[in-house]
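Peer 1: So here's coords20.tsv (TSV, C-alpha atoms).
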chain	number	residue	atom	x	y	z
A	1	MET	CA	6.46	-26.59	26.57
A	2	SER	CA	5.64	-23.11	27.87
A	3	VAL	CA	3.69	-22.45	31.06
A	4	LEU	CA	0.81	-21.12	28.96
A	5	GLU	CA	0.68	-24.35	26.95
A	6	LYS	CA	0.72	-26.41	30.16
A	7	ALA	CA	-2.07	-24.30	31.61
A	8	SER	CA	-4.10	-24.74	28.43
A	9	GLU	CA	-3.67	-28.52	28.52
A	10	LEU	CA	-4.63	-28.57	32.20
A	11	ILE	CA	-7.82	-26.61	31.51
A	12	ASP	CA	-8.66	-28.98	28.65
A	13	CYS	CA	-8.06	-31.92	30.98
A	14	LEU	CA	-10.50	-30.58	33.59
A	15	GLY	CA	-13.07	-29.76	30.93
A	16	GLN	CA	-12.93	-33.22	29.39
A	17	ALA	CA	-13.20	-34.91	32.79
A	18	GLY	CA	-16.67	-33.48	33.30
A	19	GLU	CA	-16.44	-33.73	37.10
A	20	PRO	CA	-14.05	-32.71	39.88
A	21	VAL	CA	-10.85	-34.78	39.73
A	22	THR	CA	-7.86	-35.41	41.96
A	23	LEU	CA	-4.36	-34.03	41.69
A	24	GLY	CA	-3.19	-37.53	40.79
A	25	TYR	CA	-5.66	-37.73	37.92
A	26	VAL	CA	-4.44	-34.45	36.44
A	27	ARG	CA	-0.76	-35.34	36.93
A	28	SER	CA	-1.23	-38.72	35.28
A	29	SER	CA	-3.27	-37.36	32.37
A	30	LEU	CA	-0.72	-34.66	31.59
A	31	ASP	CA	2.38	-36.68	32.49
A	32	MET	CA	3.68	-33.82	34.64
A	33	PRO	CA	5.65	-33.91	37.91
A	34	LYS	CA	3.42	-33.81	40.98
A	35	SER	CA	5.01	-30.61	42.31
A	36	SER	CA	4.60	-28.76	38.98
A	37	THR	CA	1.00	-29.92	38.62
A	38	HIS	CA	0.14	-28.85	42.17
A	39	ARG	CA	1.78	-25.43	41.73
A	40	LEU	CA	0.00	-24.77	38.43
A	41	LEU	CA	-3.37	-25.84	39.83
A	42	ASN	CA	-2.94	-23.53	42.81
A	43	GLU	CA	-1.96	-20.58	40.60
A	44	LEU	CA	-4.98	-21.11	38.35
A	45	ALA	CA	-7.23	-21.51	41.39
A	46	ALA	CA	-5.99	-18.17	42.75
A	47	LEU	CA	-7.07	-16.58	39.46
A	48	GLY	CA	-10.50	-18.22	39.53
A	49	ILE	CA	-9.73	-20.27	36.43
A	50	VAL	CA	-9.72	-23.51	38.44
A	51	ARG	CA	-11.91	-24.33	41.45
A	52	ARG	CA	-10.74	-26.49	44.37
A	53	THR	CA	-13.55	-28.40	46.08
A	54	GLU	CA	-13.77	-29.03	49.81
A	55	ASP	CA	-12.50	-32.58	49.40
A	56	GLY	CA	-9.38	-31.40	47.52
A	57	ARG	CA	-10.49	-32.15	43.97
A	58	TYR	CA	-10.27	-29.75	41.03
A	59	SER	CA	-12.69	-28.54	38.38
A	60	LEU	CA	-13.08	-25.60	36.03
A	61	GLY	CA	-13.47	-22.29	37.83
A	62	PRO	CA	-16.07	-19.49	37.68
A	63	ARG	CA	-13.85	-17.11	35.76
A	64	LEU	CA	-14.23	-19.30	32.68
A	65	LEU	CA	-17.98	-18.69	32.78
A	66	TYR	CA	-17.37	-14.97	32.38
A	67	TRP	CA	-14.85	-15.53	29.59
A	68	GLY	CA	-17.20	-17.89	27.81
A	69	GLU	CA	-20.10	-15.47	28.00
A	70	ALA	CA	-17.94	-12.59	26.79
A	71	ALA	CA	-16.58	-14.64	23.90
A	72	ALA	CA	-20.07	-15.81	22.93
A	73	ASP	CA	-21.39	-12.25	23.02
A	74	THR	CA	-18.58	-11.03	20.77
A	75	PHE	CA	-19.04	-13.90	18.32
A	76	ASP	CA	-22.81	-13.39	18.14
A	77	LEU	CA	-22.30	-9.67	17.69
A	78	ARG	CA	-20.00	-10.12	14.72
A	79	VAL	CA	-22.34	-12.61	13.07
A	80	VAL	CA	-25.52	-10.56	13.41
A	81	ALA	CA	-23.81	-7.26	12.55
A	82	GLU	CA	-22.32	-8.33	9.22
A	83	GLN	CA	-25.30	-7.90	6.91
A	84	PRO	CA	-26.64	-4.64	8.46
A	85	MET	CA	-23.10	-3.21	8.26
A	86	ARG	CA	-22.86	-4.14	4.57
A	87	ARG	CA	-26.18	-2.48	3.82
A	88	LEU	CA	-25.07	0.65	5.66
A	89	ARG	CA	-21.81	0.71	3.69
A	90	ASP	CA	-23.70	0.39	0.42
A	91	HIS	CA	-26.05	3.21	1.45
A	92	LEU	CA	-23.42	5.68	2.67
A	93	GLU	CA	-20.52	4.44	0.53
A	94	GLU	CA	-18.10	4.75	3.44
A	95	SER	CA	-16.28	2.27	5.67
A	96	VAL	CA	-18.22	0.83	8.60
A	97	HIS	CA	-16.44	-0.52	11.69
A	98	LEU	CA	-17.59	-2.28	14.84
A	99	TYR	CA	-15.66	-1.67	18.07
A	100	VAL	CA	-15.84	-3.20	21.54
A	101	ARG	CA	-14.03	-2.16	24.70
A	102	GLU	CA	-11.23	-4.30	26.10
A	103	HIS	CA	-10.40	-2.91	29.55
A	104	ASP	CA	-8.86	0.53	28.82
A	105	THR	CA	-8.64	0.10	25.04
A	106	ARG	CA	-10.96	-0.49	22.12
A	107	ILE	CA	-10.57	-3.01	19.35
A	108	CYS	CA	-12.23	-3.34	15.97
A	109	ILE	CA	-13.89	-6.75	15.69
A	110	ALA	CA	-15.57	-6.30	12.29
A	111	ALA	CA	-15.07	-4.05	9.30
A	112	VAL	CA	-16.85	-3.48	6.00
A	113	GLU	CA	-14.57	-1.33	3.88
A	114	GLY	CA	-15.87	1.45	1.70
A	115	ARG	CA	-15.52	1.23	-2.04
A	116	GLN	CA	-13.61	4.49	-2.29
A	117	VAL	CA	-9.90	4.30	-3.17
A	118	LEU	CA	-9.00	6.73	-0.37
A	119	ARG	CA	-10.28	5.33	2.92
A	120	PRO	CA	-9.02	4.77	6.48
A	121	PHE	CA	-7.34	1.46	7.27
A	122	ILE	CA	-8.27	-0.16	10.58
A	123	GLN	CA	-6.50	-3.32	11.71
A	124	LEU	CA	-8.83	-5.87	13.29
A	125	GLY	CA	-7.90	-6.69	16.89
A	126	ARG	CA	-5.39	-3.87	17.30
A	127	PRO	CA	-5.82	-2.05	20.64
A	128	LEU	CA	-6.63	1.65	20.24
A	129	PRO	CA	-7.13	4.36	22.87
A	130	LEU	CA	-10.54	5.20	24.25
A	131	ARG	CA	-9.93	8.90	24.80
A	132	VAL	CA	-9.76	9.89	21.12
A	133	GLY	CA	-11.89	9.05	18.11
A	134	ALA	CA	-15.67	8.81	17.89
A	135	ALA	CA	-15.93	5.10	18.71
A	136	GLY	CA	-13.38	5.36	21.52
A	137	LYS	CA	-15.15	8.24	23.23
A	138	LEU	CA	-18.52	6.53	22.92
A	139	LEU	CA	-17.25	3.36	24.58
A	140	LEU	CA	-15.43	5.40	27.23
A	141	ALA	CA	-18.64	7.27	28.06
A	142	PHE	CA	-20.24	3.98	29.12
A	143	ALA	CA	-17.17	2.42	30.75
A	144	ASP	CA	-16.82	2.05	34.52
A	145	ARG	CA	-15.57	5.04	36.47
A	146	GLN	CA	-12.11	3.58	37.07
A	147	VAL	CA	-11.45	3.29	33.34
A	148	GLN	CA	-12.82	6.78	32.75
A	149	GLU	CA	-10.50	8.28	35.38
A	150	LEU	CA	-7.54	6.48	33.85
A	151	GLU	CA	-8.28	7.80	30.37
A	152	LEU	CA	-9.05	11.31	31.61
A	153	GLY	CA	-5.63	11.36	33.25
A	154	ARG	CA	-3.97	10.17	30.07
A	155	ALA	CA	-5.81	12.81	28.05
A	156	ARG	CA	-4.49	15.54	30.34
A	157	GLU	CA	-0.97	14.23	29.83
A	158	ASP	CA	-1.32	14.17	26.04
A	159	ALA	CA	-0.98	17.95	25.76
A	160	PRO	CA	-0.52	19.45	29.25
A	161	SER	CA	0.63	22.84	28.00
A	162	LEU	CA	-2.44	23.55	25.89
A	163	PRO	CA	-5.34	25.54	27.43
A	164	ASN	CA	-7.86	23.29	25.68
A	165	ALA	CA	-6.04	19.99	26.24
A	166	PRO	CA	-8.34	16.98	25.70
A	167	GLY	CA	-8.57	16.15	29.39
A	168	THR	CA	-9.93	19.55	30.35
A	169	MET	CA	-13.08	19.12	28.24
A	170	LEU	CA	-13.36	15.37	27.78
A	171	GLU	CA	-15.36	14.65	30.94
A	172	GLU	CA	-18.05	17.14	29.97
A	173	HIS	CA	-18.06	15.71	26.47
A	174	LEU	CA	-18.57	12.19	27.82
A	175	GLU	CA	-21.69	13.30	29.67
A	176	GLN	CA	-23.11	14.65	26.43
A	177	ILE	CA	-22.29	11.38	24.67
A	178	ARG	CA	-24.06	9.37	27.39
A	179	THR	CA	-27.19	11.44	26.87
A	180	GLN	CA	-27.19	11.32	23.08
A	181	ARG	CA	-25.46	7.95	22.50
A	182	TRP	CA	-23.69	9.71	19.65
A	183	ALA	CA	-20.07	10.80	19.17
A	184	THR	CA	-18.05	12.44	16.42
A	185	SER	CA	-14.42	13.25	15.80
A	186	VAL	CA	-12.35	15.18	13.27
A	187	GLY	CA	-8.64	14.42	13.09
A	188	GLU	CA	-8.41	13.25	16.72
A	189	ARG	CA	-6.61	9.93	16.30
A	190	GLU	CA	-5.31	10.46	12.80
A	191	GLU	CA	-4.92	13.73	10.94
A	192	GLY	CA	-7.32	14.01	8.02
A	193	VAL	CA	-9.75	11.32	9.22
A	194	SER	CA	-13.24	11.97	10.57
A	195	ALA	CA	-15.65	9.56	12.22
A	196	ALA	CA	-19.09	9.27	13.79
A	197	ALA	CA	-20.28	6.53	16.15
A	198	THR	CA	-23.40	5.39	17.92
A	199	ALA	CA	-24.14	2.74	20.53
A	200	ILE	CA	-25.29	-0.85	20.10
A	201	VAL	CA	-27.34	-2.00	23.08
A	202	ASP	CA	-28.03	-5.60	24.12
A	203	ALA	CA	-31.08	-7.22	25.75
A	204	ARG	CA	-29.95	-6.01	29.19
A	205	ASP	CA	-29.73	-2.40	27.98
A	206	ARG	CA	-25.93	-2.46	28.11
A	207	VAL	CA	-23.85	-0.60	25.55
A	208	VAL	CA	-21.85	-3.52	24.16
A	209	ALA	CA	-20.30	-1.94	21.08
A	210	ALA	CA	-19.85	1.18	19.01
A	211	LEU	CA	-20.90	1.24	15.37
A	212	CYS	CA	-18.72	3.69	13.49
A	213	ILE	CA	-18.47	5.36	10.09
A	214	SER	CA	-15.05	6.75	9.17
A	215	ALA	CA	-13.70	8.52	6.09
A	216	PRO	CA	-11.24	11.19	5.02
A	217	THR	CA	-12.29	14.59	6.36
A	218	THR	CA	-12.51	15.84	2.78
A	219	ARG	CA	-15.56	13.58	2.36
A	220	LEU	CA	-16.77	13.47	5.96
A	221	GLY	CA	-16.72	17.02	7.20
A	222	GLU	CA	-18.70	18.21	10.20
A	223	GLY	CA	-21.50	19.29	7.90
A	224	ARG	CA	-22.14	15.68	6.86
A	225	PHE	CA	-22.54	14.25	10.37
A	226	ALA	CA	-26.23	15.18	10.55
A	227	GLU	CA	-26.88	13.47	7.22
A	228	LEU	CA	-25.49	10.10	8.28
A	229	ARG	CA	-26.72	10.06	11.89
A	230	ARG	CA	-30.14	8.54	11.18
A	231	PRO	CA	-28.84	5.71	8.95
A	232	LEU	CA	-26.11	4.91	11.47
A	233	GLU	CA	-28.53	4.86	14.40
A	234	ASP	CA	-31.05	2.75	12.46
A	235	CYS	CA	-28.31	0.20	11.66
A	236	ALA	CA	-27.22	0.07	15.32
A	237	ALA	CA	-30.84	-0.42	16.40
A	238	GLU	CA	-31.22	-3.27	13.89
A	239	ILE	CA	-28.11	-5.01	15.22
A	240	GLY	CA	-29.30	-4.52	18.79
A	241	ALA	CA	-32.71	-6.01	17.93
A	242	LEU	CA	-31.02	-9.04	16.34
A	243	LEU	CA	-28.96	-9.53	19.49
A	244	LYS	CA	-32.07	-9.40	21.64
A	245	SER	CA	-34.02	-11.81	19.44
A	246	GLY	CA	-31.12	-14.28	19.44
Reformat the file's structure so that it appears as C-alpha coordinates.
Peer 2:
Amino acid sequence: MSVLEKASELIDCLGQAGEPVTLGYVRSSLDMPKSSTHRLLNELAALGIVRRTEDGRYSLGPRLLYWGEAAADTFDLRVVAEQPMRRLRDHLEESVHLYVREHDTRICIAAVEGRQVLRPFIQLGRPLPLRVGAAGKLLLAFADRQVQELELGRAREDAPSLPNAPGTMLEEHLEQIRTQRWATSVGEREEGVSAAATAIVDARDRVVAALCISAPTTRLGEGRFAELRRPLEDCAAEIGALLKSG
(Lines of atoms letter the chains of each structure in order from A and count residues from 1; the text may use other names and numbers.)
(Lines give C-alpha, C1' and ligand atoms only; values in the text may rest on other atoms or scores of the structure.)
Protein backbone atom coordinates (compact mmCIF):
# COMPACT_ATOMS: atom_id res chain seq x y z
CA MET A 1 0.00 0.00 0.00
CA SER A 2 1.38 3.42 -0.95
CA VAL A 3 1.85 6.28 1.50
CA LEU A 4 -0.94 8.17 -0.26
CA GLU A 5 -3.33 5.24 0.21
CA LYS A 6 -2.38 5.00 3.91
CA ALA A 7 -2.93 8.73 4.34
CA SER A 8 -6.32 8.46 2.65
CA GLU A 9 -7.38 5.60 4.93
CA LEU A 10 -6.18 7.55 7.97
CA ILE A 11 -8.22 10.61 6.97
CA ASP A 12 -11.27 8.39 6.44
CA CYS A 13 -10.69 6.86 9.87
CA LEU A 14 -10.65 10.27 11.58
CA GLY A 15 -13.70 11.41 9.64
CA GLN A 16 -15.72 8.34 10.56
CA ALA A 17 -14.76 8.61 14.23
CA GLY A 18 -16.58 11.93 14.52
CA GLU A 19 -14.49 13.05 17.51
CA PRO A 20 -10.81 13.35 18.45
CA VAL A 21 -9.25 9.89 18.88
CA THR A 22 -6.04 8.48 20.29
CA LEU A 23 -3.00 7.19 18.45
CA GLY A 24 -3.91 3.70 19.65
CA TYR A 25 -7.40 3.98 18.15
CA VAL A 26 -6.01 4.96 14.75
CA ARG A 27 -3.30 2.28 14.83
CA SER A 28 -5.81 -0.41 15.76
CA SER A 29 -8.39 0.68 13.18
CA LEU A 30 -5.84 0.71 10.36
CA ASP A 31 -3.78 -2.26 11.58
CA MET A 32 -0.56 -0.25 11.17
CA PRO A 33 2.62 -0.29 13.26
CA LYS A 34 2.60 2.31 16.03
CA SER A 35 5.72 4.07 14.73
CA SER A 36 4.35 4.34 11.16
CA THR A 37 0.99 5.61 12.41
CA HIS A 38 2.63 8.22 14.63
CA ARG A 39 4.93 9.41 11.84
CA LEU A 40 2.08 9.71 9.33
CA LEU A 41 -0.14 11.56 11.81
CA ASN A 42 2.65 14.04 12.56
CA GLU A 43 3.34 14.64 8.86
CA LEU A 44 -0.34 15.27 8.15
CA ALA A 45 -0.59 17.52 11.21
CA ALA A 46 2.34 19.60 9.92
CA LEU A 47 0.37 20.12 6.70
CA GLY A 48 -2.81 21.10 8.52
CA ILE A 49 -4.65 18.03 7.25
CA VAL A 50 -4.80 16.54 10.76
CA ARG A 51 -5.17 18.45 14.03
CA ARG A 52 -3.57 17.34 17.31
CA THR A 53 -5.51 18.38 20.40
CA GLU A 54 -3.94 19.49 23.67
CA ASP A 55 -4.53 16.09 25.24
CA GLY A 56 -2.72 14.30 22.40
CA ARG A 57 -5.73 13.11 20.41
CA TYR A 58 -6.21 13.53 16.67
CA SER A 59 -9.00 14.84 14.46
CA LEU A 60 -9.42 16.23 10.96
CA GLY A 61 -7.51 19.46 10.39
CA PRO A 62 -8.50 22.93 9.15
CA ARG A 63 -6.93 22.50 5.73
CA LEU A 64 -9.68 20.05 4.82
CA LEU A 65 -12.25 22.80 5.37
CA TYR A 66 -10.58 24.86 2.65
CA TRP A 67 -10.36 21.88 0.32
CA GLY A 68 -13.98 20.99 0.94
CA GLU A 69 -15.16 24.53 0.25
CA ALA A 70 -13.07 24.74 -2.92
CA ALA A 71 -14.36 21.39 -4.15
CA ALA A 72 -17.96 22.35 -3.39
CA ASP A 73 -17.56 25.67 -5.20
CA THR A 74 -16.16 23.94 -8.29
CA PHE A 75 -18.90 21.30 -8.29
CA ASP A 76 -21.66 23.89 -7.88
CA LEU A 77 -20.11 25.99 -10.61
CA ARG A 78 -20.10 23.14 -13.12
CA VAL A 79 -23.70 22.23 -12.32
CA VAL A 80 -25.15 25.73 -12.59
CA ALA A 81 -23.06 26.64 -15.65
CA GLU A 82 -24.11 23.73 -17.86
CA GLN A 83 -27.43 24.98 -19.21
CA PRO A 84 -26.38 28.64 -19.72
CA MET A 85 -23.27 27.40 -21.55
CA ARG A 86 -25.39 25.21 -23.82
CA ARG A 87 -27.67 28.11 -24.67
CA LEU A 88 -24.68 30.30 -25.43
CA ARG A 89 -23.22 27.60 -27.70
CA ASP A 90 -26.51 27.30 -29.55
CA HIS A 91 -26.68 31.08 -29.97
CA LEU A 92 -23.10 31.65 -31.16
CA GLU A 93 -22.51 28.21 -32.67
CA GLU A 94 -19.01 28.04 -31.19
CA SER A 95 -17.39 26.05 -28.39
CA VAL A 96 -17.86 27.35 -24.85
CA HIS A 97 -15.38 26.49 -22.09
CA LEU A 98 -15.24 27.16 -18.36
CA TYR A 99 -11.84 27.63 -16.71
CA VAL A 100 -10.71 27.99 -13.11
CA ARG A 101 -7.27 28.80 -11.75
CA GLU A 102 -5.21 26.13 -10.01
CA HIS A 103 -2.22 27.90 -8.44
CA ASP A 104 -0.14 29.07 -11.44
CA THR A 105 -2.14 27.20 -14.09
CA ARG A 106 -5.68 27.11 -15.42
CA ILE A 107 -7.80 24.07 -16.07
CA CYS A 108 -10.98 23.58 -18.06
CA ILE A 109 -13.68 22.11 -15.81
CA ALA A 110 -16.59 22.17 -18.29
CA ALA A 111 -16.94 22.29 -22.04
CA VAL A 112 -19.82 22.53 -24.50
CA GLU A 113 -18.40 21.82 -27.93
CA GLY A 114 -19.49 23.72 -31.00
CA ARG A 115 -21.30 21.94 -33.78
CA GLN A 116 -18.74 22.94 -36.39
CA VAL A 117 -16.47 20.21 -37.77
CA LEU A 118 -13.39 22.40 -37.34
CA ARG A 119 -13.14 23.46 -33.70
CA PRO A 120 -10.50 23.65 -30.94
CA PHE A 121 -10.07 20.63 -28.69
CA ILE A 122 -9.63 21.32 -24.98
CA GLN A 123 -8.89 18.47 -22.59
CA LEU A 124 -10.78 18.72 -19.31
CA GLY A 125 -8.48 18.95 -16.28
CA ARG A 126 -5.30 19.52 -18.26
CA PRO A 127 -3.15 22.32 -16.75
CA LEU A 128 -2.58 25.22 -19.13
CA PRO A 129 -0.54 28.41 -18.68
CA LEU A 130 -2.07 31.61 -17.39
CA ARG A 131 0.08 34.01 -19.37
CA VAL A 132 -1.36 33.20 -22.80
CA GLY A 133 -4.90 32.78 -24.09
CA ALA A 134 -7.96 34.85 -23.26
CA ALA A 135 -9.13 32.73 -20.31
CA GLY A 136 -5.61 32.43 -18.91
CA LYS A 137 -4.96 36.16 -18.98
CA LEU A 138 -8.32 36.91 -17.41
CA LEU A 139 -7.68 34.56 -14.49
CA LEU A 140 -4.12 35.87 -14.15
CA ALA A 141 -5.40 39.45 -13.94
CA PHE A 142 -7.31 38.54 -10.77
CA ALA A 143 -4.71 36.19 -9.26
CA ASP A 144 -2.58 37.15 -6.26
CA ARG A 145 0.54 39.20 -6.89
CA GLN A 146 2.93 36.30 -6.31
CA VAL A 147 1.34 34.28 -9.11
CA GLN A 148 1.31 37.32 -11.39
CA GLU A 149 5.03 37.94 -10.84
CA LEU A 150 5.78 34.29 -11.56
CA GLU A 151 3.88 34.35 -14.84
CA LEU A 152 5.28 37.72 -15.87
CA GLY A 153 8.77 36.29 -15.43
CA ARG A 154 7.89 33.24 -17.49
CA ALA A 155 6.42 35.44 -20.22
CA ARG A 156 9.67 37.39 -20.45
CA GLU A 157 11.57 34.14 -20.83
CA ASP A 158 9.27 32.87 -23.58
CA ALA A 159 10.82 35.18 -26.19
CA PRO A 160 13.58 37.26 -24.56
CA SER A 161 15.07 38.44 -27.84
CA LEU A 162 11.90 40.01 -29.19
CA PRO A 163 11.27 43.75 -28.59
CA ASN A 164 7.58 43.07 -27.97
CA ALA A 165 8.00 39.88 -25.93
CA PRO A 166 4.84 38.99 -23.98
CA GLY A 167 6.30 39.96 -20.62
CA THR A 168 7.07 43.51 -21.67
CA MET A 169 3.40 44.34 -22.30
CA LEU A 170 1.52 41.73 -20.30
CA GLU A 171 1.41 43.65 -17.01
CA GLU A 172 -0.21 46.66 -18.66
CA HIS A 173 -2.60 44.35 -20.44
CA LEU A 174 -3.62 42.72 -17.14
CA GLU A 175 -4.58 46.11 -15.72
CA GLN A 176 -6.87 46.69 -18.68
CA ILE A 177 -8.41 43.24 -18.20
CA ARG A 178 -9.07 43.96 -14.51
CA THR A 179 -10.94 47.12 -15.47
CA GLN A 180 -13.00 45.60 -18.28
CA ARG A 181 -13.27 41.98 -17.05
CA TRP A 182 -12.77 41.04 -20.68
CA ALA A 183 -9.86 39.41 -22.52
CA THR A 184 -9.18 38.26 -26.07
CA SER A 185 -6.44 36.37 -27.84
CA VAL A 186 -5.48 35.49 -31.41
CA GLY A 187 -3.06 32.62 -31.91
CA GLU A 188 -1.40 33.04 -28.50
CA ARG A 189 -1.52 29.48 -27.19
CA GLU A 190 -2.19 27.71 -30.46
CA GLU A 191 -1.64 29.05 -33.96
CA GLY A 192 -4.90 29.61 -35.81
CA VAL A 193 -7.12 29.68 -32.71
CA SER A 194 -8.81 32.78 -31.29
CA ALA A 195 -10.67 33.20 -28.02
CA ALA A 196 -12.56 35.70 -25.89
CA ALA A 197 -13.25 35.42 -22.15
CA THR A 198 -15.11 37.22 -19.41
CA ALA A 199 -15.29 36.81 -15.65
CA ILE A 200 -17.74 34.86 -13.51
CA VAL A 201 -18.15 36.44 -10.09
CA ASP A 202 -19.50 34.76 -6.94
CA ALA A 203 -21.55 36.12 -4.03
CA ARG A 204 -18.41 37.57 -2.42
CA ASP A 205 -17.53 39.48 -5.59
CA ARG A 206 -14.59 37.16 -6.31
CA VAL A 207 -13.67 36.21 -9.86
CA VAL A 208 -14.00 32.44 -9.58
CA ALA A 209 -13.85 31.42 -13.22
CA ALA A 210 -13.43 32.52 -16.81
CA LEU A 211 -16.13 31.84 -19.37
CA CYS A 212 -14.55 31.49 -22.79
CA ILE A 213 -15.53 31.21 -26.43
CA SER A 214 -12.90 29.73 -28.76
CA ALA A 215 -12.84 28.97 -32.48
CA PRO A 216 -10.53 28.91 -35.48
CA THR A 217 -9.33 32.42 -36.30
CA THR A 218 -10.91 32.07 -39.73
CA ARG A 219 -14.31 32.21 -37.98
CA LEU A 220 -13.36 34.23 -34.92
CA GLY A 221 -11.32 37.14 -36.16
CA GLU A 222 -10.78 40.31 -34.16
CA GLY A 223 -13.71 41.91 -35.94
CA ARG A 224 -16.12 39.40 -34.37
CA PHE A 225 -15.10 39.98 -30.75
CA ALA A 226 -17.45 42.96 -30.35
CA GLU A 227 -20.35 40.90 -31.69
CA LEU A 228 -20.02 38.11 -29.13
CA ARG A 229 -19.06 40.20 -26.09
CA ARG A 230 -22.60 40.98 -24.94
CA PRO A 231 -23.87 37.36 -25.18
CA LEU A 232 -20.76 36.09 -23.40
CA GLU A 233 -21.06 38.64 -20.60
CA ASP A 234 -24.80 37.99 -20.22
CA CYS A 235 -24.12 34.25 -19.88
CA ALA A 236 -21.40 34.87 -17.26
CA ALA A 237 -23.76 37.16 -15.34
CA GLU A 238 -26.46 34.46 -15.41
CA ILE A 239 -24.05 31.85 -14.04
CA GLY A 240 -22.88 34.27 -11.35
CA ALA A 241 -26.48 35.00 -10.33
CA LEU A 242 -27.20 31.26 -10.07
CA LEU A 243 -24.15 30.85 -7.84
CA LYS A 244 -25.32 33.66 -5.60
CA SER A 245 -28.87 32.34 -5.35
CA GLY A 246 -27.61 28.86 -4.49
Peer 1: Using all atoms listed in the file, pick whichever of A:Ile107, A:Ala141, A:Leu92, A:Leu174 has the shortest atom-to-atom distance to Leu220 in chain A.
Peer 2: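 Between A:Ile107, A:Ala141, A:Leu92, A:Leu174, the residue approaching Leu220 in chain A most closely is A:Leu92.
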Peer 1: Do you have the CA of Glu190 in chain A-CA of Leu130 in chain A distance handy?
Peer 2: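 The value is 13.6 Å.
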Peer 1: Tell me, in Å to one decimal, how far CA of Ile49 in chain A is from CA of Leu77 in chain A.
Peer 2: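 These two atoms are separated by 24.9 Å.
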Peer 1: Which residues come within 9 Å of Ala197 in chain A, counting all atoms listed in the file, excluding same-chain residues fewer than 5 positions away, as a count of residues only?
Peer 2: 19
Peer 1: Taking 6 positions as the minimum chain separation for residues in the same chain, which residues sit within 9 Å of Leu170 in chain A when counting only C-alpha atoms? Answer as a VMD selection string.
Peer 2: chain A and resid 131 137 152 155
Peer 1: Tell me which of A:Arg106, A:Arg156, A:Arg178, A:Lys6 sits closest to Leu44 in chain A, counting only C-alpha atoms.
Peer 2: A:Lys6
Peer 1: Between A:Thr218, A:Ile200, A:Gln16, A:Glu82, which residue has the minimum interatomic distance to Glu113 in chain A, considering all atoms listed in the file?
Peer 2: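 Ranked by minimum distance to Glu113 in chain A, first place goes to A:Glu82.
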Peer 1: Rounded to one decimal in Å, what is the spacing between CA of Ser95 in chain A and CA of Ile122 in chain A?
Peer 2: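 The value is 9.7 Å.
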Peer 1: Name the closest residue to Glu102 in chain A among the candidates A:Val208, A:Ser35, A:Arg189, A:Pro84; distances are taken between atoms, counting only C-alpha atoms.
Peer 2: A:Val208
Peer 1: So that I can see what lies close to Val3 in chain A, please list as a list in words the residues with an atom at most 12 Å from it, counting all atoms listed in the file and leaving out residues fewer than 3 positions away in the same chain.
Peer 2: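 Here the answer would be Lys6, Ala7, Ser8, Glu9, Leu10, Met32, Ser36, Thr37, Arg39, Leu40, Leu41, Glu43 and Leu44 of chain A.
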Peer 1: Of the candidates A:Ala237, A:Asp90, A:Pro216, A:Glu5, which one gets nearest to Val117 in chain A if we count all atoms listed in the file?
Peer 2: A:Pro216
Peer 1: Give me, as a ChimeraX atom specification, all polymer residues having an atom no more than 12 Å from Glu54 in chain A, counting only C-alpha atoms and skipping those fewer than 5 positions away in the same chain.
Peer 2: /A:20-22,59
Peer 1: Between A:Met85, A:Leu98, A:Ala195, A:Ile177, which is the closest to Asp234 in chain A once you count only C-alpha atoms?
Peer 2: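 The answer is A:Met85, which sits nearest to Asp234 in chain A.
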